[in-house]
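A.B. asks: My structure is below; once you've seen it, I'll send some questions.
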Amino acid sequence: MTKRNANPTLRRALIILRRHGPQARVWRRRIAIVGGAILVGLVALLFAHLADLAGELFLAGARRWWWAPMAVTPPGFALLVWVTRKYVPLAAGSGIPQVIAASRDPDRGMDRLVSARTVCAKFFLTIGSLFLGASVGREGPTVQIAASIMGYAHRIMAVPLRASVYIAGGAAGVAAAFNTPLAGVAFAIEELAAAYEQRMTLLVMAAVLIAGMVSLGIAGDYVYFGEMRQTLSARDALIAAPVAGLFGGLAGGLFSRLMLGAGVTNFAPMRWMRARPVLFAAVCGLVVAMLGTCTGLTWGTGYETAHAAISGADVPLWFAPAKFLASLATAVSGLPGGIFAPSLSVGAGVGDMLRSIFPSYPPGAIVLLGMIAYFTGVVRAPLTAVIIISETTASRGLMLPLLASALTADFAAHLVCKERLYHGLSKRFITPSTPSG
């Protein structure tokens, strides 16, 4: 009797071991999440260090030989675009549209849009873009690289791929790139996930927090743009926030419309240039070189100028339109690189322009309102914008004015450009065989 009873007990024990033991899928998934998120944090920090170094080397050369960018940047643009189009066409641009497209068909996306070949090339080509003075950022490429890392972690652990894997990886990339865990969660909800699934919550939160902790542990508890403690009274906020939102939102919407339109317009000169992408990249590089040589401020991410504006330093009124043009020329050229950091820099320039309208208001607070308004107008993710700005400037006392400005900007940008930028760009990476939902 005892022996007969022992067999069912043993079978139950074996079943429980298979379901919950070290080899069970739930444990393999947890290992994939933790291991992938740690690797995302480490790679994001390495990427940030090398990208910053590339930008500093370019600026040092440009200050020493003012004519060098005119000779190097246009052919450099052409070379990078030629390499990208010939060998890794899916590494072009920001990287966020590729992740959105990959989430439509996770297994196929792993083999193409976020493959090891694509993201390794993206890593080095983005650094090359910054070494040429291109107006790009590393945040979008970090999202694509992070999504790939998380995907491979799940493949190695033999865990089925879902869209949530890429979304969690991309969110962890944002958190590690800016050292802003909350912004990573908001970005996952607003931008990467068309419909936020309940089952994805744990995956996103775990990946974001682990990647953020790795970044925090190695790089320290730094504030990306430095602390800004200025605030606005309720009366001042009611006046300044809508004005900044309207002005910045329209400008950001214009950027999105021009960027999306550049790839589909029937305007004859643009059609002719699209048919000659390497020549077009050289022309865009010439525009970037001319703007940078004449102004000395539009190279790279624009971080230093944005930081100076937030700190209250005087920034030339022409910085915002000049950086706008440099960023647009870089973005439409097909060069690998993101638009997050350049958009924040243009937004800081927009905010600095608004300071002349509100001369008696705290200058740093007005700059942040312009920054968040333009950034929202470009990416159309107001919650993400508010959290990124508040976390990268420690300006939590401005949360309500920032939110008001972001919501106004989102409405204003929609008047100029109906389609959201990243989702519009992602359509170029969705093949007919890729499911649309």
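Naming scheme: A, B, ... for chains in displayed order of the structure tokens; residues 1 onward per chain; ligands 1 onward as shown.
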Report as JSON lines: every residue of region 255-368 of chain A with an atom at most 6 Å from region 126-139 of chain A, its closest pair of atoms, and their distance in Å to one decimal, counting only C-alpha atoms, with rows sorted by chain and ascending residue number.

C.D. replies:
{"residue": "A:Trp299", "atom": "CA", "partner": "A:Gly133", "partner_atom": "CA", "distance": 4.9}
{"residue": "A:Gly300", "atom": "CA", "partner": "A:Ser135", "partner_atom": "CA", "distance": 4.4}
{"residue": "A:Thr301", "atom": "CA", "partner": "A:Gly137", "partner_atom": "CA", "distance": 5.4}
{"residue": "A:Ser327", "atom": "CA", "partner": "A:Ser135", "partner_atom": "CA", "distance": 5.0}
{"residue": "A:Thr330", "atom": "CA", "partner": "A:Ser135", "partner_atom": "CA", "distance": 5.9}
{"residue": "A:Pro336", "atom": "CA", "partner": "A:Thr126", "partner_atom": "CA", "distance": 5.3}
{"residue": "A:Gly337", "atom": "CA", "partner": "A:Val136", "partner_atom": "CA", "distance": 5.1}
{"residue": "A:Gly338", "atom": "CA", "partner": "A:Gly137", "partner_atom": "CA", "distance": 4.5}
{"residue": "A:Ile339", "atom": "CA", "partner": "A:Gly137", "partner_atom": "CA", "distance": 5.6}
{"residue": "A:Phe340", "atom": "CA", "partner": "A:Gly137", "partner_atom": "CA", "distance": 6.0}
{"residue": "A:Ala341", "atom": "CA", "partner": "A:Gly137", "partner_atom": "CA", "distance": 5.0}

A.B. asks: Just write the chosen residues, all heavy atoms, as a PDB file, in the first residue's frame.

C.D. replies:
ATOM      1  N   TRP A 299      27.579  71.192 -33.396  1.00  0.00           N
ATOM      2  CA  TRP A 299      28.166  69.863 -33.538  1.00  0.00           C
ATOM      3  C   TRP A 299      27.583  68.894 -32.514  1.00  0.00           C
ATOM      4  O   TRP A 299      27.224  69.271 -31.401  1.00  0.00           O
ATOM      5  CB  TRP A 299      29.671  69.914 -33.328  1.00  0.00           C
ATOM      6  CG  TRP A 299      30.440  70.844 -34.198  1.00  0.00           C
ATOM      7  CD1 TRP A 299      31.184  71.918 -33.805  1.00  0.00           C
ATOM      8  CD2 TRP A 299      30.575  70.796 -35.626  1.00  0.00           C
ATOM      9  NE1 TRP A 299      31.772  72.528 -34.879  1.00  0.00           N
ATOM     10  CE2 TRP A 299      31.406  71.863 -36.026  1.00  0.00           C
ATOM     11  CE3 TRP A 299      30.065  69.951 -36.618  1.00  0.00           C
ATOM     12  CZ2 TRP A 299      31.758  72.104 -37.336  1.00  0.00           C
ATOM     13  CZ3 TRP A 299      30.409  70.187 -37.936  1.00  0.00           C
ATOM     14  CH2 TRP A 299      31.237  71.249 -38.293  1.00  0.00           C
ATOM     15  N   GLY A 300      27.533  67.621 -32.879  1.00  0.00           N
ATOM     16  CA  GLY A 300      27.244  66.547 -31.929  1.00  0.00           C
ATOM     17  C   GLY A 300      25.890  66.647 -31.260  1.00  0.00           C
ATOM     18  O   GLY A 300      24.907  67.114 -31.827  1.00  0.00           O
ATOM     19  N   THR A 301      25.861  66.213 -30.004  1.00  0.00           N
ATOM     20  CA  THR A 301      24.597  66.158 -29.259  1.00  0.00           C
ATOM     21  C   THR A 301      24.093  67.542 -28.860  1.00  0.00           C
ATOM     22  O   THR A 301      22.899  67.734 -28.671  1.00  0.00           O
ATOM     23  CB  THR A 301      24.769  65.318 -27.982  1.00  0.00           C
ATOM     24  OG1 THR A 301      25.750  65.947 -27.139  1.00  0.00           O
ATOM     25  CG2 THR A 301      25.227  63.904 -28.315  1.00  0.00           C
ATOM     26  N   SER A 327      20.320  69.112 -37.142  1.00  0.00           N
ATOM     27  CA  SER A 327      19.716  67.837 -36.739  1.00  0.00           C
ATOM     28  C   SER A 327      18.868  67.253 -37.864  1.00  0.00           C
ATOM     29  O   SER A 327      18.885  66.039 -38.095  1.00  0.00           O
ATOM     30  CB  SER A 327      18.856  68.033 -35.487  1.00  0.00           C
ATOM     31  OG  SER A 327      19.627  68.520 -34.408  1.00  0.00           O
ATOM     32  N   THR A 330      21.160  65.874 -40.595  1.00  0.00           N
ATOM     33  CA  THR A 330      21.746  64.609 -40.159  1.00  0.00           C
ATOM     34  C   THR A 330      20.724  63.484 -40.205  1.00  0.00           C
ATOM     35  O   THR A 330      21.016  62.375 -40.668  1.00  0.00           O
ATOM     36  CB  THR A 330      22.305  64.739 -38.735  1.00  0.00           C
ATOM     37  OG1 THR A 330      23.304  65.761 -38.698  1.00  0.00           O
ATOM     38  CG2 THR A 330      22.919  63.440 -38.263  1.00  0.00           C
ATOM     39  N   PRO A 336      23.467  56.472 -39.239  1.00  0.00           N
ATOM     40  CA  PRO A 336      23.057  55.875 -37.969  1.00  0.00           C
ATOM     41  C   PRO A 336      23.220  56.873 -36.823  1.00  0.00           C
ATOM     42  O   PRO A 336      24.253  57.525 -36.707  1.00  0.00           O
ATOM     43  CB  PRO A 336      24.023  54.693 -37.809  1.00  0.00           C
ATOM     44  CG  PRO A 336      24.497  54.391 -39.182  1.00  0.00           C
ATOM     45  CD  PRO A 336      24.572  55.728 -39.869  1.00  0.00           C
ATOM     46  N   GLY A 337      22.221  56.992 -35.982  1.00  0.00           N
ATOM     47  CA  GLY A 337      22.282  57.910 -34.852  1.00  0.00           C
ATOM     48  C   GLY A 337      20.894  58.335 -34.429  1.00  0.00           C
ATOM     49  O   GLY A 337      19.946  58.302 -35.226  1.00  0.00           O
ATOM     50  N   GLY A 338      20.767  58.728 -33.169  1.00  0.00           N
ATOM     51  CA  GLY A 338      19.467  59.070 -32.624  1.00  0.00           C
ATOM     52  C   GLY A 338      19.182  60.557 -32.644  1.00  0.00           C
ATOM     53  O   GLY A 338      20.045  61.378 -32.961  1.00  0.00           O
ATOM     54  N   ILE A 339      17.944  60.908 -32.283  1.00  0.00           N
ATOM     55  CA  ILE A 339      17.513  62.307 -32.275  1.00  0.00           C
ATOM     56  C   ILE A 339      17.116  62.782 -30.883  1.00  0.00           C
ATOM     57  O   ILE A 339      16.733  63.940 -30.716  1.00  0.00           O
ATOM     58  CB  ILE A 339      16.336  62.540 -33.243  1.00  0.00           C
ATOM     59  CG1 ILE A 339      15.128  61.688 -32.842  1.00  0.00           C
ATOM     60  CG2 ILE A 339      16.755  62.233 -34.676  1.00  0.00           C
ATOM     61  CD1 ILE A 339      13.881  61.992 -33.643  1.00  0.00           C
ATOM     62  N   PHE A 340      17.220  61.913 -29.875  1.00  0.00           N
ATOM     63  CA  PHE A 340      16.838  62.312 -28.524  1.00  0.00           C
ATOM     64  C   PHE A 340      17.648  63.508 -28.045  1.00  0.00           C
ATOM     65  O   PHE A 340      17.091  64.576 -27.728  1.00  0.00           O
ATOM     66  CB  PHE A 340      17.052  61.133 -27.561  1.00  0.00           C
ATOM     67  CG  PHE A 340      15.802  60.391 -27.208  1.00  0.00           C
ATOM     68  CD1 PHE A 340      14.957  59.937 -28.200  1.00  0.00           C
ATOM     69  CD2 PHE A 340      15.484  60.114 -25.892  1.00  0.00           C
ATOM     70  CE1 PHE A 340      13.802  59.238 -27.886  1.00  0.00           C
ATOM     71  CE2 PHE A 340      14.339  59.412 -25.560  1.00  0.00           C
ATOM     72  CZ  PHE A 340      13.499  58.970 -26.551  1.00  0.00           C
ATOM     73  N   ALA A 341      18.962  63.333 -27.939  1.00  0.00           N
ATOM     74  CA  ALA A 341      19.818  64.390 -27.387  1.00  0.00           C
ATOM     75  C   ALA A 341      19.791  65.657 -28.228  1.00  0.00           C
ATOM     76  O   ALA A 341      19.664  66.758 -27.675  1.00  0.00           O
ATOM     77  CB  ALA A 341      21.245  63.870 -27.220  1.00  0.00           C
TER      78      ALA A 341
END

A.B. asks: Which residues come within 12 Å of Ala365 (chain A), counting only C-alpha atoms, excluding same-chain residues fewer than 4 positions away, as a compact mmCIF listing (two decimals) with N, CA, C and O atoms, in the first residue's frame?

C.D. replies:
# COMPACT_ATOMS: atom_id res chain seq x y z
N GLU A 227 21.63 69.76 -11.75
CA GLU A 227 20.44 70.12 -10.97
C GLU A 227 19.96 71.53 -11.30
O GLU A 227 20.76 72.45 -11.46
N MET A 228 18.64 71.66 -11.41
CA MET A 228 18.01 72.96 -11.66
C MET A 228 16.87 73.10 -10.65
O MET A 228 15.86 72.40 -10.76
N ARG A 229 17.03 73.97 -9.69
CA ARG A 229 16.08 74.05 -8.58
C ARG A 229 15.08 75.19 -8.71
O ARG A 229 14.28 75.42 -7.82
N GLN A 230 15.11 75.93 -9.81
CA GLN A 230 14.17 77.05 -9.97
C GLN A 230 12.74 76.54 -10.15
O GLN A 230 12.53 75.47 -10.74
N THR A 231 11.79 77.32 -9.69
CA THR A 231 10.38 76.97 -9.84
C THR A 231 9.61 78.18 -10.35
O THR A 231 10.13 79.29 -10.42
N LEU A 232 8.36 77.92 -10.70
CA LEU A 232 7.47 78.99 -11.16
C LEU A 232 6.27 79.07 -10.23
O LEU A 232 5.76 78.04 -9.76
N SER A 233 5.80 80.27 -9.99
CA SER A 233 4.56 80.42 -9.24
C SER A 233 3.40 79.94 -10.10
O SER A 233 3.53 79.80 -11.33
N ASP A 236 2.59 82.46 -12.85
CA ASP A 236 3.58 82.47 -13.93
C ASP A 236 3.47 81.22 -14.79
O ASP A 236 3.60 81.28 -16.02
N ALA A 237 3.22 80.09 -14.13
CA ALA A 237 3.12 78.83 -14.87
C ALA A 237 1.91 78.83 -15.80
O ALA A 237 1.98 78.31 -16.92
N ALA A 240 3.22 80.98 -18.82
CA ALA A 240 4.39 80.53 -19.58
C ALA A 240 4.22 79.13 -20.16
O ALA A 240 4.66 78.88 -21.30
N ALA A 241 3.61 78.21 -19.42
CA ALA A 241 3.53 76.82 -19.89
C ALA A 241 2.77 76.68 -21.22
O ALA A 241 3.26 76.02 -22.15
N ALA A 244 4.94 78.27 -24.10
CA ALA A 244 6.06 77.41 -24.44
C ALA A 244 5.58 76.15 -25.16
O ALA A 244 6.18 75.71 -26.14
N ALA A 309 22.48 76.71 -21.18
CA ALA A 309 21.20 77.43 -21.20
C ALA A 309 20.41 77.18 -19.93
O ALA A 309 19.82 78.10 -19.34
N ILE A 310 20.38 75.91 -19.48
CA ILE A 310 19.65 75.58 -18.25
C ILE A 310 20.27 76.28 -17.05
O ILE A 310 19.57 76.71 -16.13
N SER A 311 21.59 76.41 -17.08
CA SER A 311 22.30 77.05 -15.96
C SER A 311 22.17 78.57 -15.96
O SER A 311 22.64 79.23 -15.03
N GLY A 312 21.57 79.13 -17.00
CA GLY A 312 21.34 80.57 -17.05
C GLY A 312 22.30 81.34 -17.92
O GLY A 312 22.21 82.57 -18.00
N ALA A 348 16.25 73.31 -25.69
CA ALA A 348 16.89 74.28 -24.79
C ALA A 348 17.07 75.61 -25.49
O ALA A 348 16.89 76.68 -24.89
N GLY A 351 13.73 77.26 -25.54
CA GLY A 351 13.47 77.84 -24.22
C GLY A 351 14.25 79.12 -24.00
O GLY A 351 13.73 80.08 -23.40
N ASP A 352 15.49 79.15 -24.50
CA ASP A 352 16.28 80.37 -24.35
C ASP A 352 15.67 81.53 -25.14
O ASP A 352 15.70 82.68 -24.69
N LEU A 354 12.51 81.90 -25.59
CA LEU A 354 11.33 82.31 -24.82
C LEU A 354 11.69 83.20 -23.63
O LEU A 354 10.82 83.91 -23.10
N ARG A 355 12.95 83.14 -23.19
CA ARG A 355 13.36 83.98 -22.06
C ARG A 355 13.19 85.46 -22.37
O ARG A 355 12.94 86.27 -21.46
N PHE A 358 9.67 86.34 -21.51
CA PHE A 358 9.41 86.34 -20.06
C PHE A 358 10.69 86.72 -19.32
O PHE A 358 11.27 85.90 -18.59
N PRO A 359 11.14 87.95 -19.46
CA PRO A 359 12.43 88.34 -18.88
C PRO A 359 12.47 88.31 -17.36
O PRO A 359 13.54 88.15 -16.77
N SER A 360 11.31 88.45 -16.71
CA SER A 360 11.30 88.49 -15.25
C SER A 360 11.10 87.11 -14.62
O SER A 360 11.15 86.98 -13.40
N TYR A 361 10.90 86.09 -15.44
CA TYR A 361 10.68 84.74 -14.93
C TYR A 361 12.02 84.05 -14.70
O TYR A 361 13.02 84.42 -15.32
N LEU A 369 10.84 74.55 -19.90
CA LEU A 369 9.52 74.50 -20.56
C LEU A 369 9.69 74.42 -22.07
O LEU A 369 8.99 73.65 -22.74
N GLY A 370 10.61 75.20 -22.62
CA GLY A 370 10.86 75.13 -24.06
C GLY A 370 11.45 73.79 -24.46
O GLY A 370 11.09 73.22 -25.50
N MET A 371 12.33 73.26 -23.63
CA MET A 371 12.96 71.98 -23.92
C MET A 371 11.93 70.87 -23.98
O MET A 371 11.90 70.06 -24.92
N ILE A 372 11.05 70.82 -22.97
CA ILE A 372 10.07 69.74 -22.94
C ILE A 372 9.03 69.90 -24.05
O ILE A 372 8.55 68.92 -24.62
N ILE A 389 12.88 64.95 -18.46
CA ILE A 389 13.35 66.28 -18.08
C ILE A 389 13.47 66.42 -16.57
O ILE A 389 14.45 66.95 -16.05
N SER A 390 12.47 65.94 -15.85
CA SER A 390 12.50 66.10 -14.39
C SER A 390 13.63 65.27 -13.78
O SER A 390 14.28 65.70 -12.81
N THR A 393 17.26 66.75 -14.73
CA THR A 393 17.57 68.08 -14.19
C THR A 393 17.22 68.21 -12.72
O THR A 393 17.42 69.28 -12.14
N ALA A 394 16.68 67.14 -12.12
CA ALA A 394 16.26 67.17 -10.70
C ALA A 394 15.30 68.32 -10.44
O ALA A 394 15.35 68.96 -9.39
N SER A 395 14.42 68.58 -11.40
CA SER A 395 13.51 69.73 -11.29
C SER A 395 12.09 69.27 -10.95
O SER A 395 11.12 69.60 -11.63
N ARG A 396 11.97 68.50 -9.89
CA ARG A 396 10.67 67.93 -9.54
C ARG A 396 9.66 68.99 -9.12
O ARG A 396 8.46 68.77 -9.18
N GLY A 397 10.15 70.15 -8.70
CA GLY A 397 9.24 71.23 -8.33
C GLY A 397 8.52 71.83 -9.53
O GLY A 397 7.57 72.61 -9.36
N LEU A 398 8.94 71.47 -10.74
CA LEU A 398 8.33 71.99 -11.95
C LEU A 398 7.43 70.97 -12.65
O LEU A 398 7.06 71.17 -13.81
N MET A 399 7.11 69.88 -11.99
CA MET A 399 6.40 68.78 -12.64
C MET A 399 5.09 69.24 -13.28
O MET A 399 4.80 68.91 -14.44
N LEU A 400 4.28 70.01 -12.57
CA LEU A 400 2.99 70.42 -13.12
C LEU A 400 3.14 71.39 -14.30
O LEU A 400 2.50 71.20 -15.35
N PRO A 401 3.99 72.43 -14.21
CA PRO A 401 4.21 73.27 -15.39
C PRO A 401 4.78 72.49 -16.57
O PRO A 401 4.39 72.72 -17.72
N LEU A 402 5.70 71.56 -16.30
CA LEU A 402 6.26 70.75 -17.37
C LEU A 402 5.17 69.91 -18.04
O LEU A 402 5.13 69.79 -19.28
N SER A 405 2.96 72.12 -20.21
CA SER A 405 3.65 72.48 -21.45
C SER A 405 3.71 71.30 -22.40
O SER A 405 3.50 71.45 -23.62

A.B. asks: When DSSP works through the backbone of this structure, what residues of region 108-218 of chain A end up as helix (DSSP H, G or I), shown as an MDAnalysis selection string?

C.D. replies: chainID A and resid 108:111 116:131 139:156 163:178 181:192 198:218

A.B. asks: Quick one: residues within 6 Å of Ala183 (chain A), only C-alpha atoms counted, chain neighbours fewer than 5 positions away excluded, as a PDB file with all heavy atoms, in the first residue's frame?

C.D. replies:
ATOM      1  N   THR A 384       6.713  60.560 -21.113  1.00  0.00           N
ATOM      2  CA  THR A 384       8.147  60.264 -21.166  1.00  0.00           C
ATOM      3  C   THR A 384       8.963  61.547 -21.097  1.00  0.00           C
ATOM      4  O   THR A 384       9.977  61.621 -20.396  1.00  0.00           O
ATOM      5  CB  THR A 384       8.489  59.516 -22.467  1.00  0.00           C
ATOM      6  OG1 THR A 384       7.749  58.289 -22.503  1.00  0.00           O
ATOM      7  CG2 THR A 384       9.971  59.207 -22.551  1.00  0.00           C
ATOM      8  N   ILE A 387       9.050  63.014 -17.515  1.00  0.00           N
ATOM      9  CA  ILE A 387       9.890  62.244 -16.596  1.00  0.00           C
ATOM     10  C   ILE A 387      11.358  62.390 -16.954  1.00  0.00           C
ATOM     11  O   ILE A 387      12.221  62.532 -16.070  1.00  0.00           O
ATOM     12  CB  ILE A 387       9.451  60.767 -16.589  1.00  0.00           C
ATOM     13  CG1 ILE A 387       8.027  60.657 -16.028  1.00  0.00           C
ATOM     14  CG2 ILE A 387      10.404  59.935 -15.751  1.00  0.00           C
ATOM     15  CD1 ILE A 387       7.450  59.266 -16.076  1.00  0.00           C
ATOM     16  N   ILE A 388      11.691  62.365 -18.246  1.00  0.00           N
ATOM     17  CA  ILE A 388      13.095  62.521 -18.645  1.00  0.00           C
ATOM     18  C   ILE A 388      13.633  63.874 -18.192  1.00  0.00           C
ATOM     19  O   ILE A 388      14.711  63.967 -17.606  1.00  0.00           O
ATOM     20  CB  ILE A 388      13.241  62.366 -20.176  1.00  0.00           C
ATOM     21  CG1 ILE A 388      13.192  60.889 -20.559  1.00  0.00           C
ATOM     22  CG2 ILE A 388      14.564  62.975 -20.655  1.00  0.00           C
ATOM     23  CD1 ILE A 388      13.340  60.639 -22.048  1.00  0.00           C
TER      24      ILE A 388
END

A.B. asks: Write out as a list in words each polymer residue whose atoms come within 9 Å of Phe324 (chain A), counting only C-alpha atoms; drop sequence neighbours fewer than 3 positions from it.

C.D. replies: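 These residues fall inside the cut-off: Phe255, Thr298, Phe319, Ala320, Pro321, Ser327, Leu328, Ala329, Pro342, Ser343 and Val346 of chain A.
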
A.B. asks: With N, CA and C atoms kept, could you save the residues just selected as a PDB file, in the first residue's frame?

C.D. replies:
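To be explicit, this is the file written out as out30.pdb:
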ATOM      1  N   PHE A 255       9.549  69.606 -37.360  1.00  0.00           N
ATOM      2  CA  PHE A 255      10.693  68.701 -37.547  1.00  0.00           C
ATOM      3  C   PHE A 255      10.207  67.315 -37.969  1.00  0.00           C
ATOM      4  N   THR A 298      26.761  73.793 -33.155  1.00  0.00           N
ATOM      5  CA  THR A 298      25.759  72.813 -33.584  1.00  0.00           C
ATOM      6  C   THR A 298      26.313  71.408 -33.742  1.00  0.00           C
ATOM      7  N   PHE A 319      20.754  79.854 -32.110  1.00  0.00           N
ATOM      8  CA  PHE A 319      21.175  78.481 -31.845  1.00  0.00           C
ATOM      9  C   PHE A 319      20.062  77.487 -32.172  1.00  0.00           C
ATOM     10  N   ALA A 320      18.838  77.775 -31.734  1.00  0.00           N
ATOM     11  CA  ALA A 320      17.742  76.826 -31.942  1.00  0.00           C
ATOM     12  C   ALA A 320      17.497  76.542 -33.427  1.00  0.00           C
ATOM     13  N   PRO A 321      17.320  77.562 -34.289  1.00  0.00           N
ATOM     14  CA  PRO A 321      17.114  77.240 -35.709  1.00  0.00           C
ATOM     15  C   PRO A 321      18.332  76.594 -36.362  1.00  0.00           C
ATOM     16  N   SER A 327      20.320  69.112 -37.142  1.00  0.00           N
ATOM     17  CA  SER A 327      19.716  67.837 -36.739  1.00  0.00           C
ATOM     18  C   SER A 327      18.868  67.253 -37.864  1.00  0.00           C
ATOM     19  N   LEU A 328      18.130  68.111 -38.570  1.00  0.00           N
ATOM     20  CA  LEU A 328      17.305  67.636 -39.675  1.00  0.00           C
ATOM     21  C   LEU A 328      18.172  67.095 -40.806  1.00  0.00           C
ATOM     22  N   ALA A 329      19.234  67.829 -41.154  1.00  0.00           N
ATOM     23  CA  ALA A 329      20.138  67.375 -42.217  1.00  0.00           C
ATOM     24  C   ALA A 329      20.773  66.042 -41.853  1.00  0.00           C
ATOM     25  N   PRO A 342      19.896  65.575 -29.575  1.00  0.00           N
ATOM     26  CA  PRO A 342      19.787  66.808 -30.362  1.00  0.00           C
ATOM     27  C   PRO A 342      18.455  67.517 -30.175  1.00  0.00           C
ATOM     28  N   SER A 343      17.373  66.762 -30.019  1.00  0.00           N
ATOM     29  CA  SER A 343      16.058  67.391 -29.806  1.00  0.00           C
ATOM     30  C   SER A 343      16.009  68.126 -28.478  1.00  0.00           C
ATOM     31  N   VAL A 346      17.927  71.367 -29.096  1.00  0.00           N
ATOM     32  CA  VAL A 346      17.110  72.344 -29.825  1.00  0.00           C
ATOM     33  C   VAL A 346      16.060  72.925 -28.891  1.00  0.00           C
TER      34      VAL A 346
END

A.B. asks: Write out as number ranges by chain each polymer residue whose atoms come within 8 Å of region 148-150 of chain A, counting only C-alpha atoms; drop sequence neighbours fewer than 5 positions from it.

C.D. replies: A: 32-33, 36-37, 39-40, 110, 114-116, 119, 165-166, 168-169

A.B. asks: Using only C-alpha atoms, which residues sit within 12 Å of Ala102 (chain A) once same-chain residues fewer than 4 positions away are excluded, as an NGL selection string?

C.D. replies: :A and (90 or 95-98 or 106-115 or 144 or 147-148 or 151 or 161-167 or 170 or 192-193 or 423 or 426-431 or 434-437)
